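Next comes structure_36.cif, a file with mmCIF, C-alpha atoms and all ligand atoms.
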```cif
data_coords
#
loop_
_atom_site.label_atom_id
_atom_site.label_comp_id
_atom_site.auth_asym_id
_atom_site.auth_seq_id
_atom_site.Cartn_x
_atom_site.Cartn_y
_atom_site.Cartn_z
CA MET A 1 -11.28 7.10 -23.41
CA ASN A 2 -10.66 9.35 -20.41
CA TYR A 3 -10.40 7.50 -17.12
CA PRO A 4 -12.07 9.41 -14.28
CA VAL A 5 -9.73 9.31 -11.27
CA THR A 6 -10.11 11.09 -7.94
CA ILE A 7 -6.81 12.59 -6.78
CA ILE A 8 -6.34 13.37 -3.09
CA PRO A 9 -3.08 15.31 -2.51
CA GLY A 10 -3.10 14.82 1.28
CA ASP A 11 -0.67 16.25 3.85
CA GLY A 12 3.06 16.95 4.14
CA ILE A 13 4.89 15.67 1.06
CA GLY A 14 1.56 14.47 -0.38
CA PRO A 15 0.90 17.45 -2.73
CA GLU A 16 4.52 17.30 -4.00
CA VAL A 17 4.55 13.58 -4.81
CA CYS A 18 1.00 13.79 -6.25
CA GLN A 19 2.03 16.56 -8.62
CA ALA A 20 5.02 14.48 -9.73
CA ALA A 21 2.97 11.30 -10.19
CA ARG A 22 0.30 13.16 -12.14
CA LEU A 23 2.90 14.63 -14.52
CA VAL A 24 4.32 11.17 -15.21
CA LEU A 25 0.95 9.45 -15.60
CA GLU A 26 -0.19 12.14 -18.04
CA ALA A 27 2.93 11.49 -20.14
CA SER A 28 2.09 7.78 -20.32
CA GLY A 29 -0.31 8.34 -23.22
CA VAL A 30 -3.31 7.28 -21.16
CA ALA A 31 -5.93 10.02 -20.77
CA PHE A 32 -7.30 10.85 -17.34
CA GLU A 33 -10.05 13.08 -16.09
CA TRP A 34 -8.72 14.09 -12.68
CA HIS A 35 -11.12 15.09 -9.92
CA GLU A 36 -9.09 16.72 -7.16
CA HIS A 37 -10.53 16.51 -3.67
CA GLN A 38 -9.09 17.18 -0.27
CA ALA A 39 -8.64 15.17 2.91
CA GLY A 40 -6.24 15.42 5.82
CA MET A 41 -5.03 17.53 8.71
CA GLU A 42 -5.22 20.95 7.01
CA VAL A 43 -8.70 20.13 5.72
CA ALA A 44 -9.76 19.23 9.26
CA ASN A 45 -8.67 22.67 10.45
CA ARG A 46 -10.60 24.35 7.63
CA TYR A 47 -13.77 22.24 7.35
CA GLY A 48 -13.98 20.62 10.77
CA THR A 49 -13.64 17.14 9.30
CA PRO A 50 -10.51 15.48 7.89
CA LEU A 51 -12.54 13.45 5.37
CA PRO A 52 -15.22 15.60 3.67
CA GLN A 53 -18.15 13.62 2.26
CA GLU A 54 -17.57 15.13 -1.22
CA THR A 55 -14.16 13.42 -1.31
CA VAL A 56 -15.67 10.03 -0.48
CA ASP A 57 -18.49 10.63 -3.01
CA SER A 58 -15.95 11.40 -5.73
CA VAL A 59 -14.10 8.10 -5.14
CA ILE A 60 -17.46 6.30 -5.20
CA ARG A 61 -18.31 7.96 -8.54
CA ASP A 62 -14.90 7.38 -10.15
CA GLY A 63 -14.24 3.96 -8.62
CA VAL A 64 -10.51 4.71 -8.58
CA ALA A 65 -8.36 7.16 -6.60
CA LEU A 66 -4.72 8.16 -6.39
CA LYS A 67 -4.00 9.37 -2.90
CA GLY A 68 -1.16 11.17 -1.16
CA PRO A 69 -0.33 10.36 2.47
CA ILE A 70 -2.48 11.78 5.24
CA GLY A 71 -1.19 12.55 8.73
CA THR A 72 -2.89 11.31 11.86
CA PRO A 73 -2.61 13.05 15.25
CA ILE A 74 -0.81 10.79 17.72
CA GLY A 75 -2.61 9.74 20.88
CA THR A 76 -5.52 12.17 20.56
CA GLY A 77 -7.58 13.86 17.83
CA PHE A 78 -9.46 12.41 14.87
CA ARG A 79 -9.19 8.80 13.79
CA SER A 80 -6.93 7.98 10.86
CA VAL A 81 -8.45 9.17 7.56
CA ASN A 82 -6.60 6.35 5.84
CA VAL A 83 -8.26 3.73 8.04
CA GLU A 84 -11.61 5.55 7.70
CA LEU A 85 -11.42 5.58 3.91
CA ARG A 86 -10.48 1.90 3.75
CA LYS A 87 -13.37 0.99 6.03
CA THR A 88 -15.96 3.28 4.38
CA LEU A 89 -15.17 1.97 0.90
CA ASP A 90 -14.55 -1.57 2.18
CA LEU A 91 -11.06 -1.65 0.64
CA TYR A 92 -10.30 -4.88 2.43
CA ALA A 93 -7.07 -5.86 0.70
CA ASN A 94 -3.85 -3.89 0.84
CA PHE A 95 -1.49 -5.10 -1.88
CA ARG A 96 2.12 -4.16 -1.13
CA PRO A 97 4.73 -5.50 -3.52
CA ALA A 98 8.42 -5.13 -2.59
CA ARG A 99 10.71 -5.62 -5.57
CA SER A 100 14.35 -4.64 -5.83
CA ILE A 101 15.02 -1.83 -8.27
CA PRO A 102 18.30 -2.15 -10.18
CA GLY A 103 20.72 0.60 -9.17
CA VAL A 104 19.34 1.10 -5.66
CA GLU A 105 21.89 0.20 -3.04
CA SER A 106 20.26 -1.95 -0.40
CA ARG A 107 20.96 -5.06 1.61
CA TYR A 108 19.64 -7.38 -1.12
CA GLN A 109 19.47 -7.05 -4.90
CA ASP A 110 16.91 -9.75 -5.69
CA VAL A 111 13.94 -9.12 -3.39
CA ASP A 112 10.58 -9.96 -4.97
CA LEU A 113 7.87 -10.23 -2.32
CA ILE A 114 4.20 -9.40 -2.09
CA VAL A 115 2.68 -8.51 1.27
CA ILE A 116 -1.11 -8.77 1.44
CA ARG A 117 -2.42 -6.90 4.47
CA GLU A 118 -5.99 -7.15 5.75
CA ASN A 119 -7.20 -3.56 5.74
CA THR A 120 -10.44 -3.29 7.72
CA GLU A 121 -10.19 -5.39 10.89
CA GLY A 122 -7.67 -6.32 13.59
CA LEU A 123 -6.52 -3.64 15.98
CA TYR A 124 -7.42 -0.97 13.39
CA SER A 125 -11.11 -1.56 14.02
CA GLY A 126 -10.63 1.44 16.34
CA LEU A 127 -12.63 -0.10 19.17
CA GLU A 128 -10.95 1.20 22.32
CA HIS A 129 -12.40 1.94 25.72
CA ILE A 130 -11.37 2.73 29.25
CA VAL A 131 -12.37 -0.17 31.50
CA VAL A 132 -11.47 1.69 34.70
CA PRO A 133 -9.04 4.61 35.02
CA GLY A 134 -5.59 3.22 34.27
CA VAL A 135 -6.86 0.23 32.27
CA VAL A 136 -7.60 0.53 28.55
CA GLU A 137 -8.80 -2.14 26.16
CA SER A 138 -8.29 -2.17 22.37
CA LEU A 139 -10.27 -4.82 20.57
CA ARG A 140 -8.54 -6.89 17.92
CA VAL A 141 -11.37 -8.06 15.70
CA ILE A 142 -10.81 -11.10 13.47
CA THR A 143 -13.81 -12.45 11.59
CA GLU A 144 -14.39 -15.52 9.48
CA LYS A 145 -15.61 -13.37 6.57
CA GLY A 146 -12.65 -10.97 6.78
CA SER A 147 -10.12 -13.81 6.99
CA GLU A 148 -11.69 -15.78 4.18
CA ARG A 149 -11.69 -12.91 1.69
CA ILE A 150 -8.16 -11.70 2.46
CA VAL A 151 -6.65 -15.20 2.22
CA ARG A 152 -8.58 -15.84 -1.00
CA PHE A 153 -7.28 -12.50 -2.33
CA ALA A 154 -3.73 -13.65 -1.52
CA PHE A 155 -4.14 -16.93 -3.39
CA GLU A 156 -5.81 -15.20 -6.35
CA THR A 157 -2.93 -12.71 -6.40
CA ALA A 158 -0.44 -15.59 -6.34
CA ARG A 159 -2.19 -17.17 -9.35
CA LYS A 160 -2.45 -13.89 -11.24
CA TYR A 161 1.27 -13.15 -10.86
CA GLY A 162 2.47 -16.75 -11.33
CA ARG A 163 3.73 -17.02 -7.75
CA LYS A 164 4.52 -20.33 -6.07
CA LYS A 165 3.75 -19.95 -2.38
CA VAL A 166 1.48 -18.18 0.11
CA THR A 167 2.59 -17.81 3.73
CA ALA A 168 -0.04 -17.06 6.38
CA VAL A 169 1.67 -14.92 9.03
CA HIS A 170 0.14 -15.12 12.52
CA LYS A 171 0.60 -15.16 16.29
CA ALA A 172 -1.74 -18.08 17.01
CA ASN A 173 0.59 -19.48 19.67
CA ILE A 174 -0.47 -16.55 21.90
CA LEU A 175 -3.66 -15.26 20.24
CA LYS A 176 -5.18 -18.72 20.17
CA LEU A 177 -8.77 -17.74 19.45
CA SER A 178 -8.38 -14.83 17.00
CA ASP A 179 -5.36 -15.99 15.02
CA GLY A 180 -6.50 -19.58 15.55
CA LEU A 181 -9.61 -18.64 13.54
CA PHE A 182 -7.50 -16.88 10.92
CA LEU A 183 -5.35 -20.01 10.45
CA GLU A 184 -8.31 -22.36 10.38
CA ILE A 185 -9.83 -20.32 7.53
CA ALA A 186 -6.46 -19.97 5.75
CA ARG A 187 -6.01 -23.78 5.75
CA ARG A 188 -9.51 -24.25 4.37
CA VAL A 189 -9.01 -21.67 1.58
CA ALA A 190 -5.57 -23.13 0.73
CA ARG A 191 -7.22 -26.45 -0.16
CA ASP A 192 -8.93 -24.68 -3.10
CA TYR A 193 -5.51 -23.80 -4.55
CA PRO A 194 -3.56 -27.07 -4.84
CA ASP A 195 -1.26 -25.47 -7.46
CA ILE A 196 0.13 -23.01 -4.87
CA ALA A 197 2.16 -24.08 -1.84
CA TYR A 198 0.83 -23.00 1.55
CA GLU A 199 2.81 -22.50 4.75
CA GLU A 200 2.40 -20.75 8.10
CA ALA A 201 4.89 -18.58 9.99
CA ILE A 202 4.81 -16.80 13.35
CA VAL A 203 5.08 -13.03 12.87
CA ASP A 204 8.13 -12.32 15.05
CA ALA A 205 10.15 -15.12 13.46
CA THR A 206 8.97 -13.92 10.04
CA ALA A 207 10.49 -10.47 10.69
CA MET A 208 13.83 -12.07 11.53
CA LYS A 209 13.73 -14.49 8.57
CA LEU A 210 12.85 -11.67 6.15
CA VAL A 211 15.94 -9.74 7.24
CA LEU A 212 18.19 -12.83 7.01
CA ASN A 213 16.90 -14.28 3.76
CA PRO A 214 13.87 -12.69 2.07
CA ALA A 215 14.06 -15.15 -0.85
CA GLN A 216 12.49 -17.87 1.33
CA PHE A 217 9.14 -16.02 1.05
CA ASP A 218 6.90 -15.24 -1.91
CA VAL A 219 3.36 -13.96 -1.10
CA LEU A 220 2.69 -13.20 2.59
CA VAL A 221 -0.82 -12.68 3.96
CA MET A 222 -1.66 -11.33 7.42
CA GLU A 223 -3.96 -9.22 9.55
CA ASN A 224 -3.84 -5.45 9.69
CA LEU A 225 -1.17 -4.49 12.26
CA PHE A 226 1.22 -7.29 11.30
CA GLY A 227 0.84 -6.22 7.66
CA ASP A 228 1.54 -2.59 8.52
CA ILE A 229 4.79 -3.47 10.28
CA ILE A 230 5.99 -6.24 7.98
CA SER A 231 5.38 -4.17 4.84
CA ASP A 232 7.50 -1.30 6.21
CA LEU A 233 10.19 -3.90 6.87
CA THR A 234 9.97 -5.21 3.28
CA SER A 235 10.13 -1.58 2.02
CA GLY A 236 13.38 -1.29 3.95
CA LEU A 237 14.70 -4.40 2.19
CA ILE A 238 14.39 -2.74 -1.23
CA GLY A 239 15.90 0.60 -0.22
CA GLY A 240 13.32 2.54 1.76
CA LEU A 241 9.84 3.95 1.97
CA GLY A 242 10.37 6.29 -0.97
CA LEU A 243 10.22 3.28 -3.30
CA ALA A 244 7.30 1.18 -2.02
CA PRO A 245 3.90 1.37 -3.78
CA SER A 246 0.58 -0.03 -2.65
CA ALA A 247 -3.02 -0.59 -3.68
CA ASN A 248 -6.10 -0.73 -1.47
CA ILE A 249 -8.59 -2.97 -3.23
CA GLY A 250 -12.23 -3.76 -2.55
CA GLU A 251 -15.08 -5.29 -4.53
CA LYS A 252 -16.12 -1.92 -5.98
CA TYR A 253 -13.35 0.62 -5.46
CA ALA A 254 -9.57 0.90 -5.49
CA VAL A 255 -7.33 3.53 -3.88
CA PHE A 256 -3.66 3.67 -4.86
CA GLU A 257 -1.13 5.21 -2.47
CA ALA A 258 2.48 4.92 -1.38
CA VAL A 259 3.34 2.89 1.72
CA HIS A 260 5.04 5.95 3.26
CA GLY A 261 3.44 8.67 5.37
CA SER A 262 3.38 12.46 5.07
CA ALA A 263 7.07 12.80 6.09
CA PRO A 264 6.70 16.17 7.88
CA ASP A 265 10.48 16.26 8.36
CA ILE A 266 11.05 16.85 4.62
CA ALA A 267 7.72 18.35 3.53
CA GLY A 268 7.68 21.46 1.31
CA LYS A 269 11.38 21.18 0.43
CA GLY A 270 11.20 19.23 -2.83
CA LEU A 271 13.21 16.43 -1.22
CA ALA A 272 10.60 13.65 -1.33
CA ASN A 273 11.14 10.74 -3.65
CA PRO A 274 7.98 10.42 -5.77
CA THR A 275 8.87 6.88 -6.94
CA ALA A 276 6.52 5.15 -4.48
CA LEU A 277 3.50 7.13 -5.65
CA ILE A 278 4.48 6.90 -9.34
CA LEU A 279 4.75 3.11 -8.96
CA SER A 280 1.37 3.16 -7.17
CA GLY A 281 0.19 4.86 -10.36
CA VAL A 282 1.67 1.93 -12.30
CA LEU A 283 -0.46 -0.41 -10.18
CA MET A 284 -3.43 1.84 -11.01
CA LEU A 285 -2.70 1.61 -14.75
CA ARG A 286 -2.64 -2.19 -14.48
CA HIS A 287 -5.91 -2.12 -12.52
CA LEU A 288 -7.41 -0.09 -15.38
CA GLY A 289 -6.14 -2.67 -17.88
CA GLU A 290 -3.48 -0.33 -19.34
CA MET A 291 -0.73 -2.95 -19.16
CA GLU A 292 1.50 -1.58 -21.89
CA ALA A 293 1.48 1.97 -20.47
CA ALA A 294 2.14 0.56 -16.99
CA ASP A 295 5.20 -1.35 -18.23
CA ARG A 296 6.53 1.74 -20.02
CA VAL A 297 6.20 3.97 -16.93
CA GLU A 298 7.81 1.33 -14.70
CA LYS A 299 10.71 0.92 -17.15
CA ALA A 300 11.20 4.69 -17.35
CA VAL A 301 11.29 5.00 -13.53
CA HIS A 302 13.80 2.16 -13.28
CA ALA A 303 15.96 3.69 -16.02
CA VAL A 304 16.16 7.09 -14.28
CA ILE A 305 17.03 5.41 -10.98
CA GLN A 306 19.66 3.21 -12.61
CA GLU A 307 21.36 6.21 -14.28
CA LYS A 308 21.59 7.86 -10.81
CA LYS A 309 21.82 11.37 -12.36
CA GLN A 310 18.37 12.68 -11.44
CA VAL A 311 17.62 10.87 -8.19
CA THR A 312 16.46 12.36 -4.90
CA ARG A 313 18.47 12.63 -1.70
CA ASP A 314 17.28 9.32 -0.19
CA LEU A 315 18.91 7.58 -3.18
CA GLY A 316 22.13 9.54 -2.84
CA GLY A 317 21.29 12.25 -5.43
CA THR A 318 20.53 15.96 -5.38
CA ALA A 319 17.51 16.09 -7.71
CA SER A 320 14.22 17.53 -6.51
CA THR A 321 10.90 15.68 -6.54
CA MET A 322 9.92 17.40 -9.80
CA ASP A 323 13.41 17.00 -11.38
CA PHE A 324 12.98 13.26 -10.94
CA ALA A 325 9.47 13.33 -12.40
CA ARG A 326 10.62 15.39 -15.40
CA ALA A 327 13.49 12.94 -16.01
CA VAL A 328 10.96 10.07 -16.05
CA VAL A 329 8.78 12.01 -18.51
CA GLU A 330 11.82 12.59 -20.76
CA LYS A 331 12.54 8.85 -20.74
CA LEU A 332 8.91 8.14 -21.63
CA GLN A 333 9.08 10.56 -24.55
CA GLY A 334 12.59 9.61 -25.69
P1 LIG A 401 6.76 8.57 7.15
O1 LIG A 401 6.61 7.44 6.18
O2 LIG A 401 6.05 9.82 6.81
O3 LIG A 401 8.33 8.92 7.31
C1 LIG A 401 9.28 8.00 7.81
C2 LIG A 401 10.68 8.42 7.30
O4 LIG A 401 10.78 8.11 5.89
C3 LIG A 401 10.94 9.91 7.43
O5 LIG A 401 12.29 10.12 7.75
C4 LIG A 401 10.66 10.46 6.04
O6 LIG A 401 11.38 11.63 5.71
C5 LIG A 401 11.06 9.27 5.16
N1 LIG A 401 10.27 9.24 3.93
C6 LIG A 401 8.96 8.88 3.84
N2 LIG A 401 8.54 8.99 2.58
C7 LIG A 401 9.60 9.44 1.85
C8 LIG A 401 9.78 9.77 0.47
N3 LIG A 401 8.78 9.66 -0.42
N4 LIG A 401 10.99 10.19 0.06
C9 LIG A 401 12.00 10.31 0.93
N5 LIG A 401 11.90 10.01 2.26
C10 LIG A 401 10.70 9.58 2.70
O7 LIG A 401 6.33 8.01 8.57
P2 LIG A 401 6.00 8.78 9.93
O8 LIG A 401 6.98 9.89 10.13
O9 LIG A 401 5.90 7.71 10.92
O10 LIG A 401 4.55 9.37 9.72
C11 LIG A 401 4.27 10.73 9.41
C12 LIG A 401 2.76 10.90 9.29
O11 LIG A 401 2.27 10.15 8.18
C13 LIG A 401 1.97 10.43 10.53
O12 LIG A 401 0.99 11.38 10.80
C14 LIG A 401 1.35 9.12 10.09
O13 LIG A 401 0.15 8.85 10.73
C15 LIG A 401 1.14 9.36 8.60
N6 LIG A 401 1.10 8.15 7.77
C16 LIG A 401 0.19 8.13 6.75
C17 LIG A 401 0.14 7.04 5.90
C18 LIG A 401 -0.85 7.08 4.77
O14 LIG A 401 -1.38 8.12 4.45
N7 LIG A 401 -1.13 5.96 4.14
C19 LIG A 401 1.03 5.89 6.06
C20 LIG A 401 1.98 6.04 7.13
C21 LIG A 401 1.99 7.13 7.97
#
```

Show me the file's structure as structure tokens.
Amino acid sequence: MNYPVTIIPGDGIGPEVCQAARLVLEASGVAFEWHEHQAGMEVANRYGTPLPQETVDSVIRDGVALKGPIGTPIGTGFRSVNVELRKTLDLYANFRPARSIPGVESRYQDVDLIVIRENTEGLYSGLEHIVVPGVVESLRVITEKGSERIVRFAFETARKYGRKKVTAVHKANILKLSDGLFLEIARRVARDYPDIAYEEAIVDATAMKLVLNPAQFDVLVMENLFGDIISDLTSGLIGGLGLAPSANIGEKYAVFEAVHGSAPDIAGKGLANPTALILSGVLMLRHLGEMEAADRVEKAVHAVIQEKKQVTRDLGGTASTMDFARAVVEKLQG
């Protein structure tokens, strides 16, 4: 069977890492019917909108998308396409695993964490207004429904992956009403999962504890902005943004993308590490039920990284984005 998948190359290094990920996924033995559609900054210049309706429609038809990073103008301009897509398709859960890869030099060798980030609410609701000149308000929306489903997703993820503990990360000491609600719901949901330990941790202390000893955590669940920041931190713990995959999951659709952005500083030079997007493809294969192919691709990526001969500059090598992808394909075929 051919899986229909929408592929969105995106901006900056997006087209490069997408091409690499596509090459590897096609060598996995699983057949795809790719539907390529555009979104991003260049598209906005050409079509007047950064997220054409035909791109959204394609994801709705296929149910699954592999997406490159998309840039967002800072301070002014259009709202983030990434946020827009997550909200439009109600991709409420952002699954961001951070697992050490053998052979990558980093602070720790045994990191195995899962960050679950709420994807549709919080400060990313995009509700900002000028109260009076010089005073701006951004609304941080936390709802009972949004909290309930993200915490439940975290516990279900913990069960699915045989994990022992879920930590609800919050700032309820200051944000008494909004994060107070989040915690109240988290405690209630936790009671439905007596087989999994539940604990709470304040976000600033969590950042410090993660750097000192990441092994004290297992699955972490939190609202949107905290999840954005903490998951970049956990990417750093395993060796950088070039290695961290993610999945945006909703009831009906799923969009797989790397944690990193469009990296304009290295775009168009073949320097980007495609590992993060290839491993996002591994998450996509698992989502499609192709467990064996997913394991093979993951093993091939790890083997190429461990050999250190065909790795990109961020991992201390000189290989290009496509050299790395071709080395992974060779491993898959060897
Ligand atoms: P970034 O993740 O693009 O880059 C941060 C640093 O990591 C840069 O030095 C970059 O060269 C490096 N890096 C990132 N990915 C890499 C890779 N695959 N291989 C090697 N090095 C890599 O973050 P930045 O610079 O803050 O954002 C750039 C643009 O990307 C912004 O417009 C931002 O809004 C957007 N962005 C989009 C995301 C998405 O589409 N999901 C996520 C994060 C940012």

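Across the model, the gap from CA of Asp179 in chain A to CA of Arg140 in chain A is 10.1 Å.
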
Check every protein, DNA and RNA residue against ligand LIG 401 (chain A), keep those with an atom at most 8 Å away (counting all atoms listed in the file), and present them as number ranges by chain.
A: 10, 12-13, 17, 67-74, 80-82, 240-243, 257-267, 271-277, 312-314

Can you tell me how far CA of Pro50 in chain A sits from CA of Ala65 in chain A, in Å to one decimal?
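Calculated distance between CA of Pro50 in chain A and CA of Ala65 in chain A is 16.8 Å.
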
When you count all atoms listed in the file, which of these residues is closest to Arg286 in chain A: A:Ala247, A:Gly316, A:Val43, A:Ile8?
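Answer, going by the shortest atom-to-atom distance: A:Ala247.
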
Which residues come within 10 Å of Tyr124 in chain A, counting only C-alpha atoms, excluding same-chain residues fewer than 2 positions away, as a PyMOL selection string?
chain A and resi 79-80+83-84+87+118-122+126-128+138-141+223-225

Distance query 12 Å from (-2.9, -15.7, 18.2) using only C-alpha atoms, result as an mmCIF file with C-alpha atoms, in the frame of the given file:
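New file point_14.cif:
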```
data_model
loop_
_atom_site.group_PDB
_atom_site.id
_atom_site.type_symbol
_atom_site.label_atom_id
_atom_site.label_comp_id
_atom_site.auth_asym_id
_atom_site.auth_seq_id
_atom_site.Cartn_x
_atom_site.Cartn_y
_atom_site.Cartn_z
ATOM 1 C CA GLY A 122 -7.670 -6.320 13.590
ATOM 2 C CA ARG A 140 -8.540 -6.890 17.920
ATOM 3 C CA VAL A 141 -11.370 -8.060 15.700
ATOM 4 C CA ILE A 142 -10.810 -11.100 13.470
ATOM 5 C CA VAL A 169 1.670 -14.920 9.030
ATOM 6 C CA HIS A 170 0.140 -15.120 12.520
ATOM 7 C CA LYS A 171 0.600 -15.160 16.290
ATOM 8 C CA ALA A 172 -1.740 -18.080 17.010
ATOM 9 C CA ASN A 173 0.590 -19.480 19.670
ATOM 10 C CA ILE A 174 -0.470 -16.550 21.900
ATOM 11 C CA LEU A 175 -3.660 -15.260 20.240
ATOM 12 C CA LYS A 176 -5.180 -18.720 20.170
ATOM 13 C CA LEU A 177 -8.770 -17.740 19.450
ATOM 14 C CA SER A 178 -8.380 -14.830 17.000
ATOM 15 C CA ASP A 179 -5.360 -15.990 15.020
ATOM 16 C CA GLY A 180 -6.500 -19.580 15.550
ATOM 17 C CA LEU A 181 -9.610 -18.640 13.540
ATOM 18 C CA PHE A 182 -7.500 -16.880 10.920
ATOM 19 C CA LEU A 183 -5.350 -20.010 10.450
ATOM 20 C CA GLU A 184 -8.310 -22.360 10.380
ATOM 21 C CA ALA A 201 4.890 -18.580 9.990
ATOM 22 C CA ILE A 202 4.810 -16.800 13.350
ATOM 23 C CA VAL A 203 5.080 -13.030 12.870
ATOM 24 C CA ASP A 204 8.130 -12.320 15.050
ATOM 25 C CA MET A 222 -1.660 -11.330 7.420
ATOM 26 C CA GLU A 223 -3.960 -9.220 9.550
ATOM 27 C CA PHE A 226 1.220 -7.290 11.300
#
```

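Comparing the minimum interatomic distances between Ala303 in chain A and each of A:Val329, A:Ala31, A:Leu91, A:Val219, counting all atoms listed in the file, we find that A:Val329 sits nearest.
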
I'd like to know which of A:Ser28, A:Gln216, A:Ser320, A:Gln53 is closest to Val282 in chain A, using all atoms listed in the file.
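The shortest atom-to-atom distance to Val282 in chain A comes from A:Ser28.
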
May I have the residues within 10 Å of range 20-26 of chain A as a compact mmCIF listing (two decimals) with C-alpha atoms, in the frame of the given file, using all atoms listed in the file and disregarding those fewer than 6 positions away in the same chain?
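What ended up in result.txt:
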```
# COMPACT_ATOMS: atom_id res chain seq x y z
CA ILE A 7 -6.81 12.59 -6.78
CA GLY A 14 1.56 14.47 -0.38
CA PHE A 32 -7.30 10.85 -17.34
CA TRP A 34 -8.72 14.09 -12.68
CA LEU A 66 -4.72 8.16 -6.39
CA GLY A 68 -1.16 11.17 -1.16
CA ASN A 273 11.14 10.74 -3.65
CA PRO A 274 7.98 10.42 -5.77
CA THR A 275 8.87 6.88 -6.94
CA ALA A 276 6.52 5.15 -4.48
CA LEU A 277 3.50 7.13 -5.65
CA ILE A 278 4.48 6.90 -9.34
CA LEU A 279 4.75 3.11 -8.96
CA SER A 280 1.37 3.16 -7.17
CA GLY A 281 0.19 4.86 -10.36
CA VAL A 282 1.67 1.93 -12.30
CA MET A 284 -3.43 1.84 -11.01
CA LEU A 285 -2.70 1.61 -14.75
CA ALA A 293 1.48 1.97 -20.47
CA ALA A 294 2.14 0.56 -16.99
CA VAL A 297 6.20 3.97 -16.93
CA ALA A 300 11.20 4.69 -17.35
CA VAL A 301 11.29 5.00 -13.53
CA THR A 321 10.90 15.68 -6.54
CA MET A 322 9.92 17.40 -9.80
CA ASP A 323 13.41 17.00 -11.38
CA PHE A 324 12.98 13.26 -10.94
CA ALA A 325 9.47 13.33 -12.40
CA ARG A 326 10.62 15.39 -15.40
CA ALA A 327 13.49 12.94 -16.01
CA VAL A 328 10.96 10.07 -16.05
CA VAL A 329 8.78 12.01 -18.51
CA GLU A 330 11.82 12.59 -20.76
CA LEU A 332 8.91 8.14 -21.63
```

When you draw a straight line from CA of Leu237 in chain A to CA of Val166 in chain A, how long is it in Å?
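If I compute the distance from CA of Leu237 in chain A to CA of Val166 in chain A, I get 19.2 Å.
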
Would you list the residues near (14.1, -0.7, -7.3), meaning any protein, DNA or RNA residue with an atom at most 8 Å from that point in file coordinates, counting all atoms listed in the file, as a list in words?
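Those within range, by chain then number, are Arg99, Ser100, Ile101, Pro102, Gly103, Val104, Ile238, Gly239, Leu243, His302 and Ile305 of chain A.
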
Point out the residue among A:Asp218, A:Asp112, A:Glu54, A:Glu290 with the least atom-to-atom distance to Ala244 in chain A, counting only C-alpha atoms.
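Between A:Asp218, A:Asp112, A:Glu54, A:Glu290, the residue approaching Ala244 in chain A most closely is A:Asp112.
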
Show me, as a PyMOL selection string, the residues that have an atom within 7 Å of Glu148 in chain A when counting all atoms listed in the file, minus same-chain residues fewer than 2 positions from it.
chain A and resi 144-146+150-152+185-186+189

Export, as a compact mmCIF listing (two decimals), keeping the file's coordinate frame, the selected residues with C-alpha atoms.
```
# COMPACT_ATOMS: atom_id res chain seq x y z
CA GLU A 144 -14.39 -15.52 9.48
CA LYS A 145 -15.61 -13.37 6.57
CA GLY A 146 -12.65 -10.97 6.78
CA ILE A 150 -8.16 -11.70 2.46
CA VAL A 151 -6.65 -15.20 2.22
CA ARG A 152 -8.58 -15.84 -1.00
CA ILE A 185 -9.83 -20.32 7.53
CA ALA A 186 -6.46 -19.97 5.75
CA VAL A 189 -9.01 -21.67 1.58
```

Within 12 Å of Arg159 in chain A using all atoms listed in the file, minus same-chain residues under 2 positions, as a list in words
Arg152, Phe153, Ala154, Phe155, Glu156, Thr157, Tyr161, Gly162, Arg163, Lys164, Lys165, Val166, Asp192, Tyr193, Pro194, Asp195, Ile196, Ala197, Asp218 and Val219 of chain A

Have a look at A:Gln310, A:Ser235, A:Thr88, A:Thr55 and name the one nearest to Lys252 in chain A; count only C-alpha atoms.
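Nearest to Lys252 in chain A: A:Thr88.
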
Find the residues near Gly250 in chain A: any atom within 9 Å, counting only C-alpha atoms, skip ones fewer than 5 places away on the same chain, and give them as a VMD selection string.
chain A and resid 86 89 to 93 255

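Of the listed residues (A:Gly134, A:Pro4, A:Gly236, A:Gly268), A:Pro4 comes nearest to Ser58 in chain A; the distances count only C-alpha atoms.
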